[in-house]
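Structure below is upload_20.cif: mmCIF, C-alpha atoms.
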```cif
data_start
loop_
_atom_site.label_atom_id
_atom_site.label_comp_id
_atom_site.auth_asym_id
_atom_site.auth_seq_id
_atom_site.Cartn_x
_atom_site.Cartn_y
_atom_site.Cartn_z
CA MET A 1 105.01 93.73 106.11
CA CYS A 2 107.38 93.32 103.20
CA ILE A 3 105.24 92.06 100.35
CA LEU A 4 101.55 91.63 99.70
CA PHE A 5 99.41 90.70 96.73
CA VAL A 6 95.87 91.95 96.18
CA ALA A 7 93.03 90.65 94.03
CA LEU A 8 90.37 93.35 94.00
CA GLY A 9 87.01 92.76 92.35
CA VAL A 10 88.11 89.72 90.35
CA HIS A 11 86.83 86.68 92.27
CA ARG A 12 83.19 85.63 92.01
CA ARG A 13 82.67 84.99 95.74
CA PHE A 14 85.43 87.05 97.36
CA PRO A 15 85.71 90.62 96.06
CA LEU A 16 88.93 91.19 98.01
CA VAL A 17 91.76 88.71 98.53
CA ILE A 18 95.02 89.72 100.21
CA ALA A 19 98.06 87.44 100.62
CA ALA A 20 100.94 88.95 102.58
CA ASN A 21 104.33 88.12 104.06
CA ARG A 22 105.81 89.95 107.01
CA ASP A 23 109.63 89.90 106.99
CA GLU A 24 111.26 90.93 110.26
CA GLN A 25 113.99 90.15 112.77
CA PHE A 26 113.03 86.92 114.53
CA ALA A 27 114.05 88.38 117.88
CA ARG A 28 111.53 91.24 117.68
CA PRO A 29 108.64 90.53 120.08
CA SER A 30 105.26 90.23 118.37
CA ALA A 31 101.79 88.90 119.09
CA ASN A 32 99.88 86.63 116.71
CA ALA A 33 96.63 87.85 115.16
CA ASP A 34 93.80 88.26 117.63
CA TYR A 35 91.33 90.86 118.80
CA TRP A 36 93.26 93.63 120.52
CA PRO A 37 92.55 93.97 124.25
CA GLU A 38 92.60 97.77 124.05
CA HIS A 39 90.62 97.95 120.78
CA ALA A 40 88.07 95.15 120.69
CA ASP A 41 86.93 96.03 117.14
CA ILE A 42 90.40 95.43 115.64
CA PHE A 43 91.80 92.01 114.73
CA GLY A 44 95.41 91.49 113.67
CA GLY A 45 98.98 90.95 114.72
CA ARG A 46 100.73 93.38 117.04
CA ASP A 47 104.28 94.64 117.34
CA LEU A 48 105.06 94.36 121.06
CA LEU A 49 108.26 96.42 120.83
CA ALA A 50 107.00 99.69 119.35
CA GLY A 51 103.25 99.15 119.17
CA GLY A 52 101.07 99.16 116.09
CA SER A 53 100.68 96.41 113.53
CA TRP A 54 101.72 95.27 110.08
CA LEU A 55 98.24 94.05 109.03
CA ALA A 56 94.84 94.24 110.71
CA VAL A 57 91.11 94.40 109.99
CA SER A 58 88.16 95.89 111.83
CA ARG A 59 84.69 94.53 112.53
CA ALA A 60 83.45 97.08 109.99
CA GLY A 61 85.38 95.26 107.25
CA ARG A 62 88.12 97.85 106.89
CA VAL A 63 91.69 96.66 106.39
CA ALA A 64 95.12 98.28 106.64
CA ALA A 65 98.67 97.06 106.01
CA ILE A 66 102.06 98.74 106.14
CA THR A 67 105.26 98.14 104.19
CA ASN A 68 108.50 100.00 104.66
CA ILE A 69 110.02 101.76 101.64
CA ARG A 70 113.62 100.58 101.32
CA ASN A 71 115.68 103.77 101.05
CA PRO A 72 118.67 103.97 103.44
CA ALA A 73 119.26 107.62 102.56
CA LEU A 74 115.86 108.55 104.02
CA THR A 75 115.96 106.23 107.05
CA ARG A 76 116.58 107.81 110.47
CA ASP A 77 117.30 106.29 113.87
CA GLY A 78 114.67 107.07 116.46
CA ALA A 79 111.81 107.69 114.03
CA LEU A 80 108.28 106.83 115.15
CA SER A 81 106.92 103.33 114.50
CA ARG A 82 105.25 103.11 111.10
CA GLY A 83 102.94 100.35 112.31
CA GLU A 84 101.00 102.98 114.24
CA TRP A 85 99.27 103.96 110.98
CA VAL A 86 97.48 100.62 110.77
CA ARG A 87 95.80 101.29 114.10
CA ARG A 88 95.15 104.94 113.27
CA TYR A 89 93.37 104.07 110.04
CA LEU A 90 91.17 101.42 111.63
CA GLN A 91 90.13 103.91 114.31
CA CYS A 92 89.77 106.87 111.95
CA ALA A 93 86.24 108.08 111.22
CA SER A 94 86.88 108.67 107.50
CA ASP A 95 89.43 108.00 104.77
CA ALA A 96 89.61 111.73 104.09
CA GLY A 97 90.52 112.35 107.72
CA LEU A 98 93.29 109.79 107.51
CA ARG A 99 94.74 111.34 104.35
CA GLU A 100 94.92 114.70 106.12
CA GLN A 101 96.82 113.08 108.99
CA LEU A 102 99.20 111.30 106.61
CA VAL A 103 100.10 114.50 104.76
CA ALA A 104 100.54 116.43 108.01
CA GLU A 105 102.56 113.83 109.91
CA GLY A 106 103.93 111.24 107.46
CA LYS A 107 107.42 112.75 107.28
CA ARG A 108 107.94 112.10 110.99
CA TYR A 109 108.24 108.41 110.14
CA ASN A 110 110.76 106.45 108.11
CA PRO A 111 109.50 105.86 104.54
CA PHE A 112 106.43 103.65 104.22
CA ASN A 113 103.47 102.57 102.13
CA LEU A 114 100.05 102.30 103.77
CA LEU A 115 97.40 100.15 102.10
CA PHE A 116 93.93 100.97 103.39
CA GLY A 117 90.27 100.55 102.50
CA ASP A 118 87.77 97.73 102.24
CA GLN A 119 86.38 95.26 99.72
CA HIS A 120 84.72 98.11 97.83
CA GLY A 121 87.94 100.02 97.22
CA LEU A 122 91.59 100.26 98.29
CA GLN A 123 94.16 103.04 98.31
CA VAL A 124 97.92 103.17 98.86
CA TYR A 125 99.67 106.14 100.43
CA ASN A 126 103.40 106.59 99.67
CA SER A 127 105.14 108.75 102.28
CA VAL A 128 108.09 109.60 100.00
CA THR A 129 105.98 111.05 97.19
CA GLU A 130 103.14 112.03 99.58
CA SER A 131 100.71 110.62 97.04
CA VAL A 132 97.62 108.41 97.24
CA VAL A 133 96.92 105.83 94.52
CA ASP A 134 93.46 104.31 94.05
CA LEU A 135 93.77 100.63 93.17
CA THR A 136 91.78 99.66 90.11
CA PRO A 137 89.93 96.32 89.96
CA GLY A 138 92.46 93.62 89.18
CA TYR A 139 95.71 92.26 90.61
CA HIS A 140 98.27 94.36 92.46
CA ALA A 141 101.52 93.97 94.38
CA LEU A 142 103.00 96.13 97.12
CA SER A 143 106.48 95.68 98.53
CA ASN A 144 109.28 98.06 99.54
CA GLY A 145 108.89 100.57 96.72
CA PRO A 146 105.99 102.12 94.79
CA VAL A 147 102.82 100.06 94.38
CA ASP A 148 102.88 97.86 91.26
CA ASP A 149 106.54 98.66 90.62
CA TYR A 150 108.38 96.12 88.47
CA TRP A 151 110.29 93.89 90.86
CA PRO A 152 110.67 90.21 89.93
CA LYS A 153 109.07 88.89 93.12
CA MET A 154 106.15 91.27 92.73
CA SER A 155 105.48 90.22 89.14
CA ARG A 156 105.95 86.54 90.02
CA GLY A 157 103.52 86.64 92.93
CA VAL A 158 100.85 88.49 90.96
CA ALA A 159 101.10 85.95 88.12
CA LEU A 160 100.87 82.98 90.51
CA LEU A 161 97.89 84.41 92.39
CA GLU A 162 96.09 85.33 89.17
CA GLN A 163 96.63 81.85 87.77
CA HIS A 164 95.22 80.29 90.93
CA LEU A 165 92.15 82.50 91.17
CA GLU A 166 91.31 82.21 87.49
CA GLN A 167 91.10 78.43 87.99
CA ARG A 168 88.91 78.67 91.09
CA THR A 169 85.98 80.98 90.48
CA GLU A 170 83.83 79.56 93.29
CA THR A 171 86.34 78.60 96.00
CA LEU A 172 89.87 79.28 97.20
CA ASP A 173 92.52 76.71 98.00
CA VAL A 174 94.07 78.16 101.14
CA GLU A 175 96.97 75.72 101.15
CA GLN A 176 97.92 76.50 97.57
CA ILE A 177 97.94 80.24 98.20
CA LEU A 178 100.05 79.78 101.33
CA GLU A 179 102.42 77.72 99.18
CA ILE A 180 102.66 80.61 96.69
CA MET A 181 103.77 82.79 99.59
CA ARG A 182 106.53 80.28 100.37
CA ASP A 183 108.14 80.77 96.95
CA ALA A 184 111.86 81.29 97.60
CA THR A 185 112.89 81.90 93.97
CA GLN A 186 115.57 84.60 93.83
CA ALA A 187 115.84 86.96 90.88
CA ASP A 188 118.73 87.11 88.43
CA ASP A 189 121.16 89.90 89.24
CA HIS A 190 120.33 91.98 86.17
CA LEU A 191 116.66 92.08 87.23
CA LEU A 192 117.26 93.19 90.82
CA PRO A 193 115.97 96.59 91.97
CA GLN A 194 118.52 99.12 93.14
CA THR A 195 117.36 100.24 96.58
CA GLY A 196 120.72 101.19 98.11
CA VAL A 197 121.36 98.11 100.27
CA GLY A 198 124.03 96.42 98.14
CA LEU A 199 124.01 93.47 95.76
CA GLU A 200 124.11 90.66 98.32
CA ALA A 201 121.20 92.09 100.30
CA GLU A 202 119.21 92.70 97.09
CA ARG A 203 119.69 89.01 96.23
CA GLN A 204 118.55 87.82 99.64
CA LEU A 205 115.51 90.07 99.60
CA SER A 206 114.49 89.28 96.03
CA SER A 207 112.29 86.27 96.82
CA ILE A 208 108.68 86.26 98.01
CA PHE A 209 109.68 84.09 100.99
CA ILE A 210 112.92 84.76 102.89
CA ALA A 211 114.33 81.86 104.90
CA GLY A 212 117.02 83.63 106.89
CA GLU A 213 118.66 82.90 110.23
CA GLU A 214 118.15 86.17 112.09
CA TYR A 215 115.87 87.95 109.61
CA GLY A 216 113.26 86.49 107.32
CA THR A 217 109.59 85.78 106.71
CA ARG A 218 107.92 85.47 110.09
CA THR A 219 104.24 85.54 109.15
CA THR A 220 102.15 84.71 106.11
CA SER A 221 98.60 86.03 106.17
CA LEU A 222 95.76 85.23 103.79
CA LEU A 223 92.58 87.29 103.98
CA TYR A 224 89.50 86.96 101.80
CA PHE A 225 86.43 89.14 102.15
CA SER A 226 82.80 88.31 101.41
CA ALA A 227 79.78 90.50 102.08
CA THR A 228 79.40 89.19 105.63
CA GLN A 229 82.76 87.84 106.81
CA VAL A 230 86.52 87.70 106.46
CA GLY A 231 88.55 84.50 106.32
CA PHE A 232 91.85 85.20 108.07
CA HIS A 233 94.58 82.53 107.93
CA GLU A 234 97.94 83.05 109.58
CA GLN A 235 101.05 80.86 109.38
CA GLN A 236 104.03 81.66 111.61
CA TYR A 237 107.64 80.83 110.72
CA GLY A 238 110.94 80.68 112.55
CA PRO A 239 114.56 80.90 111.36
CA HIS A 240 115.42 79.08 108.13
CA GLY A 241 111.75 78.92 107.14
CA GLN A 242 110.72 76.52 109.91
CA ALA A 243 106.92 76.33 110.06
CA LEU A 244 105.57 77.13 113.53
CA SER A 245 102.00 77.81 114.64
CA ARG A 246 99.02 78.04 112.27
CA ALA A 247 95.68 79.68 112.99
CA ASP A 248 92.49 79.90 110.90
CA HIS A 249 89.82 82.45 111.76
CA VAL A 250 86.45 83.56 110.40
CA LEU A 251 85.52 87.13 111.34
CA ALA A 252 82.02 88.57 111.06
CA ILE A 253 81.67 91.92 109.29
CA ASN A 254 79.27 94.47 110.77
CA GLU A 255 78.96 97.07 108.02
#
```

Structure encoded using structure tokens:
Amino acid sequence: MCILFVALGVHRRFPLVIAANRDEQFARPSANADYWPEHADIFGGRDLLAGGSWLAVSRAGRVAAITNIRNPALTRDGALSRGEWVRRYLQCASDAGLREQLVAEGKRYNPFNLLFGDQHGLQVYNSVTESVVDLTPGYHALSNGPVDDYWPKMSRGVALLEQHLEQRTETLDVEQILEIMRDATQADDHLLPQTGVGLEAERQLSSIFIAGEEYGTRTTSLLYFSATQVGFHEQQYGPHGQALSRADHVLAINE
């Protein structure tokens, strides 16, 4: 997962809304969102190369998502797959237990953020700072740096999502939110973050949606939580932003 936007406790009907884009090599084998054969209480996409997931929910209404932290100086070949933490959270008996695991083992992985929680509260763990941030009610963005950092695409996505939700207090327009996640506006050079990958790469990665040839946005996910269910919409993309399969699910929550 490379960018996600969160609306926590702001919508009248849906106390948690998450819109997310997964950017990845198109050649990397993955499975679309579904219930996992080996964990029937977990629903989400799966990385078929290294295991784990970028975004998944449980029948208990818990959700987890991972983003890498873009820092070449801290990235190592052969590190464990960060997507394992999505599964570990959804199987963990308590948030406190997960935090203990993150502190004890997080440095074995390349840098990452882990978003975890439910519609009643969300937290973000940053493996570089080894810190946990509680998200306050409102709008948030998480990409390849600290949560709510000032990156143009983060600020742009938050503003677009807020504008949409403020106009629709009783419903959501799924298609409009998916269109927000297709925004390919690149930032001006003087506004680009400096993450150590070079100017050209910073430009290419500065938009919410990346329409690349070998690497780009592969999956857009929209989740919205009510007291009894989760709407889970997933749009797949191929090279150059070509729209592929679309799936719309409604998942029951058993709190």

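Residues captured in this structure file are Leu102, Val103, Gly106, Lys107, Tyr125, Asn126, Ser127, Val128, Thr129, Ser131 and Val132 of chain A, according to the PyMOL selection byres ((chain A and resi 130) around 9).
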
Work out how far apart CA of Asp148 (chain A) and CA of Gly231 (chain A) are and give it in Å to one decimal.
24.7 Å

Evaluate the PyMOL selection byres ((chain A and resi 168-179) around 8) and record the selected residues as a count of residues only, following the chain and residue labels used in the document.
15

Within 6 Å of Thr217 (chain A), counting all atoms listed in the file, which residues show up once you throw out same-chain ones fewer than 5 positions away? Write them as a compact mmCIF listing (two decimals) with C-alpha atoms, in the frame of the given file, please.
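What landed in part.txt:
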```txt
# COMPACT_ATOMS: atom_id res chain seq x y z
CA ARG A 22 105.81 89.95 107.01
CA ASP A 23 109.63 89.90 106.99
CA PHE A 209 109.68 84.09 100.99
CA ILE A 210 112.92 84.76 102.89
```

Interatomic distance between CA of Gln123 (chain A) and CA of Phe43 (chain A)?
19.9 Å
